[in-house]
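K.L.:
File protein.txt follows (compact mmCIF, C-alpha atoms and all ligand atoms):
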# COMPACT_ATOMS: atom_id res chain seq x y z
CA MET A 261 -1.10 74.60 85.18
CA THR A 262 -3.01 74.14 81.91
CA LEU A 263 -1.37 74.71 78.56
CA ILE A 264 -2.57 77.76 76.64
CA ALA A 265 -3.01 77.69 72.87
CA LEU A 266 -0.32 79.22 70.66
CA ASP A 267 -2.63 81.71 68.92
CA ASP A 268 -4.12 82.77 72.25
CA ALA A 269 -0.62 83.41 73.64
CA GLN A 270 0.33 85.35 70.49
CA ARG A 271 -2.79 87.50 70.83
CA ARG A 272 -1.93 88.29 74.47
CA VAL A 273 1.66 89.25 73.66
CA LEU A 274 0.60 91.46 70.73
CA ASP A 275 -2.40 92.99 72.52
CA GLY A 276 -2.05 96.78 72.54
CA ALA A 277 1.39 96.75 70.87
CA GLN A 278 1.11 100.09 69.06
CA PRO A 279 3.72 101.34 66.58
CA LEU A 280 6.33 103.61 68.17
CA PRO A 281 6.28 107.34 67.25
CA ALA A 282 7.51 108.59 63.87
CA GLU A 283 10.73 110.45 63.09
CA ASP A 284 12.16 111.82 59.84
CA VAL A 285 15.46 110.26 58.76
CA PRO A 286 17.66 110.96 55.74
CA LEU A 287 17.56 108.39 52.94
CA ALA A 288 21.03 107.16 53.90
CA ALA A 289 19.66 106.05 57.29
CA ALA A 290 16.31 104.69 56.09
CA HIS A 291 17.28 101.23 54.82
CA GLY A 292 15.44 98.57 56.85
CA ARG A 293 13.29 101.14 58.66
CA VAL A 294 9.48 101.01 58.62
CA LEU A 295 7.45 103.78 56.98
CA ALA A 296 5.18 105.67 59.37
CA ALA A 297 3.11 107.27 56.57
CA ASP A 298 2.23 106.68 52.94
CA VAL A 299 4.87 108.19 50.65
CA ARG A 300 3.60 109.88 47.48
CA ALA A 301 5.55 110.77 44.36
CA ARG A 302 6.49 114.46 44.43
CA ARG A 303 6.99 114.44 40.66
CA THR A 304 6.07 112.58 37.48
CA GLN A 305 8.75 110.28 36.10
CA PRO A 306 9.77 110.83 33.38
CA ASP A 307 8.27 114.31 33.38
CA ARG A 308 8.56 114.54 29.55
CA ASP A 309 8.69 111.94 26.77
CA VAL A 310 12.33 110.82 26.61
CA SER A 311 14.45 108.63 24.37
CA ALA A 312 15.34 105.07 25.41
CA MET A 313 18.21 104.87 22.86
CA ASP A 314 21.06 106.81 21.32
CA GLY A 315 19.88 107.62 17.79
CA TYR A 316 17.67 110.08 15.91
CA ALA A 317 14.30 111.56 16.83
CA VAL A 318 12.06 111.66 13.75
CA ARG A 319 8.48 112.05 12.53
CA HIS A 320 7.23 108.56 11.71
CA ALA A 321 5.40 109.91 8.63
CA ASP A 322 8.84 110.80 7.14
CA LEU A 323 9.94 107.12 7.11
CA ALA A 324 7.27 105.90 4.65
CA ALA A 325 9.68 105.19 1.74
CA PRO A 326 13.05 103.88 3.03
CA PRO A 327 15.85 104.66 2.84
CA SER A 328 14.73 108.08 4.16
CA ARG A 329 17.07 111.06 3.98
CA LEU A 330 16.35 113.58 6.76
CA ARG A 331 18.04 116.90 7.47
CA LEU A 332 19.71 117.23 10.90
CA ALA A 333 18.06 120.08 12.85
CA GLY A 334 20.07 119.83 16.08
CA VAL A 335 20.91 117.75 19.14
CA SER A 336 18.96 116.68 22.25
CA ALA A 337 21.17 115.34 25.05
CA ALA A 338 20.18 114.27 28.59
CA GLY A 339 19.81 117.49 30.58
CA ARG A 340 20.14 119.68 27.41
CA PRO A 341 16.93 119.45 25.37
CA PHE A 342 16.63 120.62 21.73
CA ALA A 343 14.97 124.02 21.89
CA GLY A 344 13.02 123.99 18.61
CA ARG A 345 10.27 121.99 16.99
CA LEU A 346 10.93 119.24 14.45
CA ALA A 347 9.66 120.21 10.99
CA PRO A 348 8.72 117.66 8.28
CA GLY A 349 11.82 116.11 6.68
CA GLN A 350 13.99 116.83 9.74
CA ALA A 351 15.70 114.62 12.38
CA VAL A 352 17.32 115.51 15.72
CA ARG A 353 20.37 113.68 17.02
CA ILE A 354 19.22 112.29 20.38
CA PHE A 355 20.79 110.44 23.31
CA THR A 356 19.40 108.05 25.91
CA GLY A 357 17.39 109.92 28.53
CA ALA A 358 17.12 113.11 26.46
CA VAL A 359 13.77 114.87 25.95
CA VAL A 360 12.10 113.99 22.64
CA PRO A 361 11.68 117.27 20.72
CA GLU A 362 8.24 118.59 19.91
CA GLY A 363 7.08 117.30 16.55
CA ALA A 364 9.04 114.00 16.83
CA ASP A 365 7.10 110.82 17.59
CA THR A 366 9.68 108.04 17.07
CA VAL A 367 13.35 107.36 17.82
CA VAL A 368 15.48 105.28 15.46
CA MET A 369 18.52 103.74 17.07
CA GLN A 370 21.82 104.84 15.55
CA GLU A 371 22.73 101.30 14.43
CA ASP A 372 19.92 101.65 11.81
CA CYS A 373 21.12 105.05 10.57
CA THR A 374 24.02 106.48 8.54
CA ALA A 375 25.13 110.04 9.22
CA GLU A 376 26.01 111.98 6.03
CA GLY A 377 27.17 115.52 6.84
CA ASP A 378 24.13 117.52 7.90
CA ALA A 379 21.76 114.69 6.93
CA VAL A 380 21.00 111.20 8.15
CA LEU A 381 20.01 108.17 6.07
CA ILE A 382 17.52 105.85 7.76
CA ALA A 383 17.03 102.34 6.42
CA ALA A 384 14.63 100.96 9.05
CA VAL A 385 10.88 101.54 9.44
CA PRO A 386 10.20 101.13 13.19
CA HIS A 387 6.76 101.18 14.80
CA PRO A 388 5.44 104.66 15.55
CA GLY A 389 6.49 105.65 19.08
CA ARG A 390 9.41 103.20 19.08
CA HIS A 391 12.16 103.80 21.68
CA ILE A 392 10.22 106.59 23.42
CA ARG A 393 9.55 106.41 27.16
CA GLN A 394 6.31 108.26 27.60
CA ARG A 395 5.81 110.92 30.25
CA GLY A 396 4.66 109.19 33.48
CA LEU A 397 5.79 105.73 32.30
CA ASP A 398 7.33 105.04 35.74
CA PHE A 399 4.99 107.02 38.02
CA SER A 400 2.83 110.11 38.24
CA GLU A 401 2.92 112.89 40.82
CA GLY A 402 0.72 112.18 43.85
CA ARG A 403 0.70 108.41 43.52
CA VAL A 404 1.41 106.42 46.73
CA LEU A 405 4.24 104.10 45.80
CA LEU A 406 5.47 103.24 49.29
CA PRO A 407 2.69 102.54 51.81
CA ALA A 408 2.83 103.04 55.59
CA GLY A 409 3.97 99.86 57.36
CA ARG A 410 6.42 98.87 54.63
CA ARG A 411 9.95 97.91 55.66
CA LEU A 412 12.22 99.80 53.28
CA SER A 413 14.40 97.75 50.95
CA ALA A 414 17.45 99.18 49.19
CA ARG A 415 15.27 99.35 46.06
CA ASP A 416 12.66 101.35 47.96
CA ILE A 417 15.35 103.87 48.91
CA GLY A 418 16.17 104.32 45.22
CA LEU A 419 12.49 104.80 44.42
CA ALA A 420 12.04 107.33 47.26
CA ALA A 421 15.01 109.29 45.90
CA ALA A 422 13.48 109.28 42.40
CA MET A 423 10.20 110.50 43.92
CA ASN A 424 12.28 113.42 45.26
CA HIS A 425 12.20 112.64 48.99
CA PRO A 426 15.49 113.49 50.75
CA THR A 427 14.10 112.17 54.05
CA LEU A 428 11.42 109.62 54.99
CA PRO A 429 9.04 109.38 57.96
CA VAL A 430 9.79 106.14 59.82
CA HIS A 431 8.86 104.65 63.18
CA ARG A 432 11.39 104.78 65.96
CA ARG A 433 13.22 101.46 66.23
CA PRO A 434 12.12 99.28 69.15
CA ARG A 435 14.82 99.31 71.84
CA VAL A 436 15.36 95.80 73.20
CA ALA A 437 17.38 94.86 76.29
CA LEU A 438 18.76 91.32 76.37
CA VAL A 439 19.59 89.40 79.54
CA SER A 440 20.93 85.83 79.52
CA THR A 441 20.48 84.13 82.88
CA GLY A 442 22.29 81.05 84.15
CA ASP A 443 25.18 80.26 86.53
CA GLU A 444 26.53 77.86 83.91
CA LEU A 445 27.05 80.46 81.19
CA VAL A 446 30.34 81.87 79.91
CA PRO A 447 30.68 84.22 76.94
CA PRO A 448 31.99 82.94 73.58
CA GLY A 449 35.79 82.84 73.62
CA VAL A 450 36.08 81.83 77.28
CA ILE A 451 37.02 78.21 78.03
CA PRO A 452 34.14 76.77 80.08
CA ALA A 453 34.95 75.02 83.37
CA GLU A 454 33.37 71.65 84.01
CA GLY A 455 29.58 71.94 83.86
CA GLN A 456 29.67 75.36 82.22
CA ILE A 457 28.49 76.07 78.67
CA VAL A 458 29.10 78.83 76.18
CA ALA A 459 26.09 81.16 76.03
CA SER A 460 24.54 81.27 72.58
CA ASN A 461 21.06 82.66 73.13
CA GLY A 462 22.23 86.28 73.46
CA PRO A 463 24.22 86.30 70.22
CA TYR A 464 21.37 84.56 68.38
CA LEU A 465 18.72 86.93 69.71
CA ALA A 466 20.79 90.05 69.10
CA ALA A 467 21.31 89.01 65.47
CA ALA A 468 17.65 88.06 64.96
CA LEU A 469 16.42 91.30 66.55
CA GLU A 470 18.82 93.48 64.60
CA GLY A 471 17.65 91.68 61.47
CA GLU A 472 14.16 92.92 62.30
CA GLY A 473 15.32 96.50 62.75
CA ALA A 474 15.48 96.60 66.55
CA GLU A 475 18.10 98.55 68.50
CA VAL A 476 19.62 95.92 70.80
CA VAL A 477 21.46 96.45 74.06
CA ASP A 478 22.91 93.21 75.39
CA LEU A 479 23.07 93.46 79.18
CA GLY A 480 25.11 90.27 79.23
CA LEU A 481 25.18 87.19 81.43
CA VAL A 482 23.45 87.22 84.80
CA PRO A 483 23.89 84.53 87.47
CA ASP A 484 20.88 82.74 89.00
CA ARG A 485 20.66 85.14 91.93
CA LEU A 486 17.65 87.30 92.71
CA GLU A 487 19.58 90.56 93.32
CA ALA A 488 21.57 90.19 90.10
CA THR A 489 18.43 89.49 88.10
CA VAL A 490 16.56 92.42 89.70
CA ALA A 491 19.55 94.69 88.89
CA ALA A 492 19.39 93.58 85.23
CA VAL A 493 15.66 94.35 85.09
CA GLN A 494 16.35 97.80 86.55
CA ALA A 495 19.07 98.38 83.97
CA ALA A 496 16.47 97.65 81.27
CA HIS A 497 14.14 100.28 82.79
CA GLY A 498 17.11 102.66 82.99
CA MET A 499 17.77 102.47 79.27
CA ALA A 500 14.04 102.96 78.53
CA ALA A 501 13.79 99.61 76.80
CA ASP A 502 10.56 98.96 74.93
CA VAL A 503 11.14 95.24 75.41
CA LEU A 504 13.18 93.28 77.92
CA VAL A 505 14.04 89.77 76.80
CA THR A 506 15.44 87.26 79.24
CA THR A 507 16.50 83.72 78.45
CA GLY A 508 16.73 80.82 80.90
CA GLY A 509 15.12 80.54 84.27
CA ALA A 510 11.65 80.45 82.74
CA SER A 511 10.85 77.02 84.09
CA VAL A 512 9.97 75.71 87.54
CA GLY A 513 13.38 74.88 89.05
CA GLU A 514 14.48 76.60 92.27
CA HIS A 515 17.26 78.36 90.36
CA ASP A 516 14.73 79.91 87.99
CA MET A 517 14.87 83.49 89.25
CA VAL A 518 13.38 85.37 86.35
CA HIS A 519 9.74 85.43 87.37
CA ARG A 520 10.68 86.23 90.97
CA ALA A 521 12.85 89.15 89.85
CA LEU A 522 10.13 90.48 87.57
CA GLU A 523 7.54 90.22 90.31
CA ALA A 524 9.89 91.99 92.74
CA ASP A 525 10.10 94.77 90.14
CA GLY A 526 6.32 95.15 90.19
CA ILE A 527 5.88 93.89 86.65
CA ASP A 528 2.34 92.73 85.92
CA LEU A 529 3.21 89.15 85.06
CA GLY A 530 1.84 86.15 83.21
CA PHE A 531 3.71 82.86 83.52
CA TRP A 532 2.46 80.55 80.88
CA ARG A 533 2.86 77.04 79.73
CA ILE A 534 2.10 77.11 76.06
CA ALA A 535 0.89 74.15 74.01
CA LEU A 536 4.05 74.34 71.92
CA ARG A 537 7.07 72.07 71.40
CA PRO A 538 9.71 73.27 71.85
CA GLY A 539 8.97 76.46 73.75
CA ARG A 540 6.53 75.52 76.49
CA PRO A 541 7.45 77.89 79.34
CA LEU A 542 7.12 81.58 78.56
CA ILE A 543 6.96 84.58 80.86
CA PHE A 544 5.20 87.72 79.69
CA GLY A 545 4.65 90.97 81.51
CA ARG A 546 4.44 94.76 81.22
CA ARG A 547 5.29 97.81 83.27
CA ASP A 548 5.48 101.50 82.34
CA GLY A 549 5.58 100.93 78.59
CA MET A 550 8.16 98.13 78.85
CA ARG A 551 7.11 94.66 77.79
CA VAL A 552 8.99 91.66 79.12
CA LEU A 553 9.36 88.29 77.44
CA GLY A 554 11.06 85.58 79.46
CA LEU A 555 12.15 82.94 76.97
CA PRO A 556 13.15 79.39 77.89
CA GLY A 557 16.86 78.69 78.11
CA ASN A 558 17.05 75.74 75.72
CA PRO A 559 18.42 77.33 72.55
CA VAL A 560 15.83 75.89 70.16
CA SER A 561 13.02 76.74 72.60
CA ALA A 562 14.34 80.30 72.78
CA PHE A 563 14.38 80.32 68.97
CA THR A 564 10.76 79.14 68.56
CA CYS A 565 9.56 81.64 71.18
CA ALA A 566 11.49 84.40 69.40
CA LEU A 567 10.05 83.35 66.02
CA LEU A 568 6.46 83.21 67.26
CA PHE A 569 6.33 85.91 70.00
CA LEU A 570 9.35 88.19 70.28
CA LEU A 571 9.99 89.01 66.62
CA PRO A 572 6.25 89.57 65.93
CA LEU A 573 6.12 91.90 68.96
CA VAL A 574 9.13 93.85 67.72
CA ARG A 575 7.56 94.12 64.24
CA ALA A 576 4.30 95.40 65.75
CA LEU A 577 6.12 98.04 67.84
CA GLY A 578 8.19 98.92 64.80
CA GLY A 579 5.02 99.65 62.81
CA ARG A 580 5.26 96.75 60.36
CA ALA A 581 2.14 95.70 58.47
CA ASP A 582 3.30 92.06 58.27
CA ILE A 583 3.78 90.76 61.80
CA LEU A 584 3.40 87.00 62.11
CA PRO A 585 5.69 84.57 60.26
CA GLN A 586 4.14 83.46 56.99
CA THR A 587 3.43 79.79 56.40
CA GLU A 588 3.44 78.11 53.02
CA PRO A 589 2.39 74.69 51.73
CA ALA A 590 4.78 71.77 51.22
CA ARG A 591 4.63 67.98 51.26
CA LEU A 592 6.10 65.80 53.95
CA GLY A 593 9.30 63.98 53.04
CA VAL A 594 8.72 61.30 55.69
CA SER A 595 5.76 59.93 57.62
CA LEU A 596 5.05 61.40 61.06
CA PRO A 597 3.27 59.92 64.06
CA ALA A 598 0.17 61.55 65.56
CA GLY A 599 0.90 64.61 67.74
CA ASP A 600 -0.26 65.44 71.26
CA GLN A 601 -1.76 68.57 72.80
CA ARG A 602 1.31 70.68 71.95
CA ALA A 603 1.70 72.30 68.52
CA GLU A 604 5.11 71.44 67.11
CA LEU A 605 7.73 73.24 65.09
CA LEU A 606 9.92 70.54 63.56
CA ARG A 607 13.21 71.69 62.11
CA GLY A 608 13.98 70.26 58.67
CA THR A 609 15.20 70.67 55.13
CA LEU A 610 13.40 71.70 51.94
CA ALA A 611 13.82 70.18 48.48
CA HIS A 612 12.24 71.32 45.20
CA GLN A 613 10.73 68.40 43.26
CA PRO A 614 10.71 68.20 39.45
CA ASP A 615 6.89 68.65 39.48
CA GLY A 616 7.33 72.04 41.20
CA THR A 617 6.25 70.90 44.68
CA LEU A 618 8.31 71.47 47.79
CA THR A 619 9.20 68.59 50.08
CA ALA A 620 9.85 69.31 53.76
CA THR A 621 11.76 66.63 55.65
CA PRO A 622 12.10 66.99 59.42
CA PHE A 623 15.39 65.96 61.00
CA ALA A 624 15.13 62.64 62.85
CA GLU A 625 16.51 64.32 65.97
CA GLN A 626 14.44 67.21 67.37
CA ASP A 627 15.92 67.82 70.83
CA SER A 628 15.60 71.47 71.89
CA SER A 629 19.33 71.78 72.63
CA LEU A 630 20.49 71.07 69.06
CA LEU A 631 21.98 74.24 67.61
CA SER A 632 23.79 72.40 64.81
CA LEU A 633 20.51 71.19 63.33
CA LEU A 634 18.80 74.52 63.96
CA ALA A 635 21.49 76.24 61.89
CA ALA A 636 21.23 73.55 59.19
CA ALA A 637 17.43 73.83 58.91
CA ASP A 638 15.75 75.49 55.91
CA CYS A 639 12.34 75.50 57.53
CA CYS A 640 10.14 74.63 60.45
CA ILE A 641 7.26 72.26 59.76
CA LEU A 642 4.28 73.51 61.74
CA ARG A 643 2.04 70.82 63.21
CA GLU A 644 -1.22 71.72 64.89
CA PRO A 645 -2.08 70.22 68.30
CA PHE A 646 -3.39 66.66 67.99
CA ALA A 647 -2.21 66.44 64.38
CA PRO A 648 -3.20 63.01 63.05
CA ALA A 649 -0.49 60.62 61.86
CA ALA A 650 0.62 61.68 58.38
CA ALA A 651 2.20 59.68 55.55
CA ALA A 652 5.13 60.86 53.42
CA GLY A 653 3.79 62.99 50.56
CA GLU A 654 0.87 64.40 52.55
CA PRO A 655 0.46 68.20 52.64
CA CYS A 656 1.94 70.20 55.50
CA ARG A 657 2.61 73.87 56.31
CA ILE A 658 6.09 75.27 56.73
CA ILE A 659 7.76 78.48 57.88
CA ARG A 660 10.84 79.21 55.81
CA LEU A 661 13.94 80.22 57.76
CA GLY A 662 15.96 83.03 56.28
CA LEU A 663 19.09 84.89 57.31
N1 LIG B 701 10.58 69.75 85.98
C1 LIG B 701 10.51 70.40 84.85
N2 LIG B 701 11.63 70.67 84.20
C2 LIG B 701 11.58 71.32 83.04
C3 LIG B 701 10.33 71.67 82.50
C4 LIG B 701 9.16 71.41 83.21
O1 LIG B 701 8.05 71.75 82.80
N3 LIG B 701 9.30 70.79 84.39
N4 LIG B 701 10.30 72.29 81.27
C5 LIG B 701 11.39 71.95 80.39
C6 LIG B 701 11.32 72.76 79.20
S1 LIG B 701 10.11 72.36 78.10
C7 LIG B 701 12.21 73.75 78.94
S2 LIG B 701 12.16 74.57 77.46
C8 LIG B 701 13.25 74.12 79.88
C9 LIG B 701 13.26 75.63 80.09
O2 LIG B 701 13.96 75.90 81.19
P1 LIG B 701 14.50 77.32 81.64
O3 LIG B 701 13.93 78.41 80.84
O4 LIG B 701 14.31 77.41 83.11
O5 LIG B 701 16.00 77.25 81.22
P2 LIG B 701 17.28 76.81 82.01
O6 LIG B 701 16.92 75.72 82.96
O7 LIG B 701 17.90 78.02 82.57
O8 LIG B 701 18.12 76.24 80.82
C10 LIG B 701 17.70 75.19 80.01
C11 LIG B 701 18.87 74.72 79.15
O9 LIG B 701 19.26 75.77 78.29
C12 LIG B 701 20.64 76.10 78.47
N5 LIG B 701 20.82 77.54 78.35
C13 LIG B 701 20.34 78.47 79.19
N6 LIG B 701 20.70 79.69 78.78
C14 LIG B 701 21.43 79.53 77.66
C15 LIG B 701 22.11 80.42 76.80
N7 LIG B 701 22.07 81.75 77.00
N8 LIG B 701 22.76 79.91 75.76
C16 LIG B 701 22.78 78.58 75.54
N9 LIG B 701 22.15 77.69 76.34
C17 LIG B 701 21.51 78.15 77.39
C18 LIG B 701 20.93 75.65 79.88
O10 LIG B 701 22.27 75.41 80.09
C19 LIG B 701 20.09 74.38 79.98
O11 LIG B 701 20.76 73.30 79.36
O12 LIG B 701 13.06 73.51 81.13
C20 LIG B 701 12.75 72.11 81.05
N10 LIG B 701 12.74 71.59 82.37
O1 LIG B 702 9.52 73.46 75.51
MO1 LIG B 702 10.93 72.88 76.00
O2 LIG B 702 11.01 74.21 75.07
O3 LIG B 702 10.22 71.49 75.13
O4 LIG B 702 12.39 72.25 75.38
For this file, write the structure as structure tokens.

P.N.:
Amino acid sequence: MTLIALDDAQRRVLDGAQPLPAEDVPLAAAHGRVLAADVRARRTQPDRDVSAMDGYAVRHADLAAPPSRLRLAGVSAAGRPFAGRLAPGQAVRIFTGAVVPEGADTVVMQEDCTAEGDAVLIAAVPHPGRHIRQRGLDFSEGRVLLPAGRRLSARDIGLAAAMNHPTLPVHRRPRVALVSTGDELVPPGVIPAEGQIVASNGPYLAAALEGEGAEVVDLGLVPDRLEATVAAVQAAHGMAADVLVTTGGASVGEHDMVHRALEADGIDLGFWRIALRPGRPLIFGRRDGMRVLGLPGNPVSAFTCALLFLLPLVRALGGRADILPQTEPARLGVSLPAGDQRAELLRGTLAHQPDGTLTATPFAEQDSSLLSLLAAADCCILREPFAPAAAAGEPCRIIRLGL
């Protein structure tokens, strides 16, 4: 079987992955969700000129010959504006956030003023317009501040509230069913018998998927038996999963049941060998609106396939505008030999150099079973197929690894 190129495989997985339908959710439930429509400001902020300081609202023309003695005409507090208009020679006591009275064009902070009964003595001569936040300084009604496809940060929620939206239109979260296959697997906390290992792919994938806003249902550990694997696939249909993710059994061994179970289920299947290290075997299929990704069992291979296929698919279904992992430039910390036909994702560390450049140093050990180094990595260094030998200091591209 020939190896297929990484970008070709990504295109096939993402082909036709349309954003899921929209629903309105209250602001309290919108953090991390993806906007299904542009969100416009429903008001202008601030909707009047307001003070940025506690002090006195004045007419700048009255400050020409300091110290200036102005008569106090009243008070403007936040939420309780001064009703009248400022006449020449007058000042209004004003507080932060309060509406600047008509006639005033400048605020003097109280540290530069001395109150004397019903007058105020002003020593400073600020610039005209000082300490006034002009109407519309933040945003104007009708402006799109949060575009469709944006994943909402906590700051975005604050902005949406200020724009006067109690709810936001967001895409439904992709529902993902997880199945970990392998006779050798026991759950974390159980002491493995000889030859058994503690399953880590499920916990990793659940965390990574939830981090991308998916709703995850972990269907648990499934032995390498056809009936058990078919039952897990049916359970995924039963919960109306948008994506079924399996790990293990993606390769060619006689215990590798996943593709047989998917075929038995009538899933239109592609079994690929991708020009990628680690992460060569990958199963992909679809049936009745459910997409299936069969990831390799080796934990780092499962990770690279999640990074490059599964998480982008979940972002696309979730309506995100940014789907593929972003690469950025760095310089190699060590020399590397020429590559072969497989693209490589080398796990490594990043260091900032005094000249502002970033050095990426791959770990010497790159075996696809090494979870300790995967967790320690800051980045993956992406090498194209047939990359020529490269010396330390030469440019490279990296994908930063976050939470
Ligand atoms: N003859 C060949 N053998 C293999 C090939 C090949 O082309 N020909 N490909 C190798 C590559 S590359 C990979 S990657 C693996 C993928 O194999 P499977 O997807 O079939 O995975 P398993 O055999 O089930 O497991 C591989 C490895 O990973 C461990 N594992 C499995 N599930 C988990 C889990 N949930 N948590 C942690 N670790 C897990 C499992 O114990 C094995 O050690 O195949 C190569 N072989
Ligand atoms: O692709 Mo396997 O993923 O090399 O370990």

K.L.:
Just want the residues within 10 Å of ligand LIG 702 (chain B), written as a ChimeraX atom specification, counting all atoms listed in the file.

P.N.:
/A:510-511,533-542,555-565,602,604,626-629

K.L.:
Those selected residues, please, written with C-alpha atoms and delivered as a compact mmCIF listing (two decimals), in the frame of the given file.

P.N.:
# COMPACT_ATOMS: atom_id res chain seq x y z
CA ALA A 510 11.65 80.45 82.74
CA SER A 511 10.85 77.02 84.09
CA ARG A 533 2.86 77.04 79.73
CA ILE A 534 2.10 77.11 76.06
CA ALA A 535 0.89 74.15 74.01
CA LEU A 536 4.05 74.34 71.92
CA ARG A 537 7.07 72.07 71.40
CA PRO A 538 9.71 73.27 71.85
CA GLY A 539 8.97 76.46 73.75
CA ARG A 540 6.53 75.52 76.49
CA PRO A 541 7.45 77.89 79.34
CA LEU A 542 7.12 81.58 78.56
CA LEU A 555 12.15 82.94 76.97
CA PRO A 556 13.15 79.39 77.89
CA GLY A 557 16.86 78.69 78.11
CA ASN A 558 17.05 75.74 75.72
CA PRO A 559 18.42 77.33 72.55
CA VAL A 560 15.83 75.89 70.16
CA SER A 561 13.02 76.74 72.60
CA ALA A 562 14.34 80.30 72.78
CA PHE A 563 14.38 80.32 68.97
CA THR A 564 10.76 79.14 68.56
CA CYS A 565 9.56 81.64 71.18
CA ARG A 602 1.31 70.68 71.95
CA GLU A 604 5.11 71.44 67.11
CA GLN A 626 14.44 67.21 67.37
CA ASP A 627 15.92 67.82 70.83
CA SER A 628 15.60 71.47 71.89
CA SER A 629 19.33 71.78 72.63

K.L.:
Set the distance at 9 Å and use all atoms listed in the file: which residues neighbour segment 606-620 of chain A once local chain neighbours fewer than 5 positions away are removed? I'd like the list as a PyMOL selection string.

P.N.:
chain A and resi 537-538+589-594+625-626+633-634+636-643+653+656-658+660

K.L.:
Counting only C-alpha atoms and all ligand atoms, which of A:Gly473, A:Pro483, A:Gly442, A:Gly599 gets nearest to ligand LIG 701 (chain B)?

P.N.:
A:Gly442

K.L.:
So, counting all atoms listed in the file, which residue among A:Val380, A:Leu504, A:Val367, A:Val482 is closest to ligand LIG 701 (chain B)?

P.N.:
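Among the listed residues, the smallest separation from ligand LIG 701 (chain B) belongs to A:Val482.
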
K.L.:
Suppose you want the space between atom CA of Leu486 of chain A and atom CA of His519 of chain A; what is it in Å?

P.N.:
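Atom-to-atom, atom CA of Leu486 of chain A to atom CA of His519 of chain A, that is 9.7 Å.
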
K.L.:
Go ahead and compute the interatomic distance for atom C1 of ligand LIG 701 (chain B) and atom CA of Pro645 of chain A, in Å to one decimal.

P.N.:
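Between these atoms lies a distance of 20.8 Å.
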
K.L.:
Skipping near chain neighbours, those fewer than 5 positions away, what residues fall within 7 Å of Cys373 of chain A using all atoms listed in the file, listed as an mmCIF file with C-alpha atoms, in the frame of the given file?

P.N.:
data_model
loop_
_atom_site.group_PDB
_atom_site.id
_atom_site.type_symbol
_atom_site.label_atom_id
_atom_site.label_comp_id
_atom_site.auth_asym_id
_atom_site.auth_seq_id
_atom_site.Cartn_x
_atom_site.Cartn_y
_atom_site.Cartn_z
ATOM 1 C CA VAL A 380 21.000 111.200 8.150
ATOM 2 C CA LEU A 381 20.010 108.170 6.070
ATOM 3 C CA ILE A 382 17.520 105.850 7.760
ATOM 4 C CA ALA A 383 17.030 102.340 6.420
#

K.L.:
To one decimal place in Å, what is the distance between atom CA of Gly530 of chain A and atom CA of Gly545 of chain A?

P.N.:
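About the pair atom CA of Gly530 of chain A and atom CA of Gly545 of chain A: they are 5.8 Å apart.
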
K.L.:
Would you mind completing segment 647-657 of chain A to N, CA and C atoms and writing the output as a PDB file, in the frame of the given file?

P.N.:
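File selection_18.pdb, as written:
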ATOM      1  N   ALA A 647      -2.302  66.740  65.825  1.00  0.00           N
ATOM      2  CA  ALA A 647      -2.210  66.440  64.380  1.00  0.00           C
ATOM      3  C   ALA A 647      -2.303  64.924  64.215  1.00  0.00           C
ATOM      4  N   PRO A 648      -3.131  64.449  63.265  1.00  0.00           N
ATOM      5  CA  PRO A 648      -3.200  63.010  63.050  1.00  0.00           C
ATOM      6  C   PRO A 648      -1.910  62.496  62.420  1.00  0.00           C
ATOM      7  N   ALA A 649      -1.668  61.196  62.523  1.00  0.00           N
ATOM      8  CA  ALA A 649      -0.490  60.620  61.860  1.00  0.00           C
ATOM      9  C   ALA A 649      -0.558  60.975  60.372  1.00  0.00           C
ATOM     10  N   ALA A 650       0.600  61.256  59.778  1.00  0.00           N
ATOM     11  CA  ALA A 650       0.620  61.680  58.380  1.00  0.00           C
ATOM     12  C   ALA A 650       1.647  60.848  57.617  1.00  0.00           C
ATOM     13  N   ALA A 651       1.296  60.473  56.385  1.00  0.00           N
ATOM     14  CA  ALA A 651       2.200  59.680  55.550  1.00  0.00           C
ATOM     15  C   ALA A 651       3.093  60.610  54.733  1.00  0.00           C
ATOM     16  N   ALA A 652       4.255  60.095  54.319  1.00  0.00           N
ATOM     17  CA  ALA A 652       5.130  60.860  53.420  1.00  0.00           C
ATOM     18  C   ALA A 652       4.318  61.251  52.198  1.00  0.00           C
ATOM     19  N   GLY A 653       4.513  62.504  51.737  1.00  0.00           N
ATOM     20  CA  GLY A 653       3.790  62.990  50.560  1.00  0.00           C
ATOM     21  C   GLY A 653       2.532  63.767  50.927  1.00  0.00           C
ATOM     22  N   GLU A 654       2.076  63.656  52.155  1.00  0.00           N
ATOM     23  CA  GLU A 654       0.870  64.400  52.550  1.00  0.00           C
ATOM     24  C   GLU A 654       1.210  65.882  52.704  1.00  0.00           C
ATOM     25  N   PRO A 655       0.195  66.757  52.512  1.00  0.00           N
ATOM     26  CA  PRO A 655       0.460  68.200  52.640  1.00  0.00           C
ATOM     27  C   PRO A 655       0.805  68.602  54.070  1.00  0.00           C
ATOM     28  N   CYS A 656       1.634  69.633  54.196  1.00  0.00           N
ATOM     29  CA  CYS A 656       1.940  70.200  55.500  1.00  0.00           C
ATOM     30  C   CYS A 656       2.152  71.697  55.311  1.00  0.00           C
ATOM     31  N   ARG A 657       2.310  72.442  56.401  1.00  0.00           N
ATOM     32  CA  ARG A 657       2.610  73.870  56.310  1.00  0.00           C
ATOM     33  C   ARG A 657       4.006  74.095  56.877  1.00  0.00           C
TER      34      ARG A 657
END
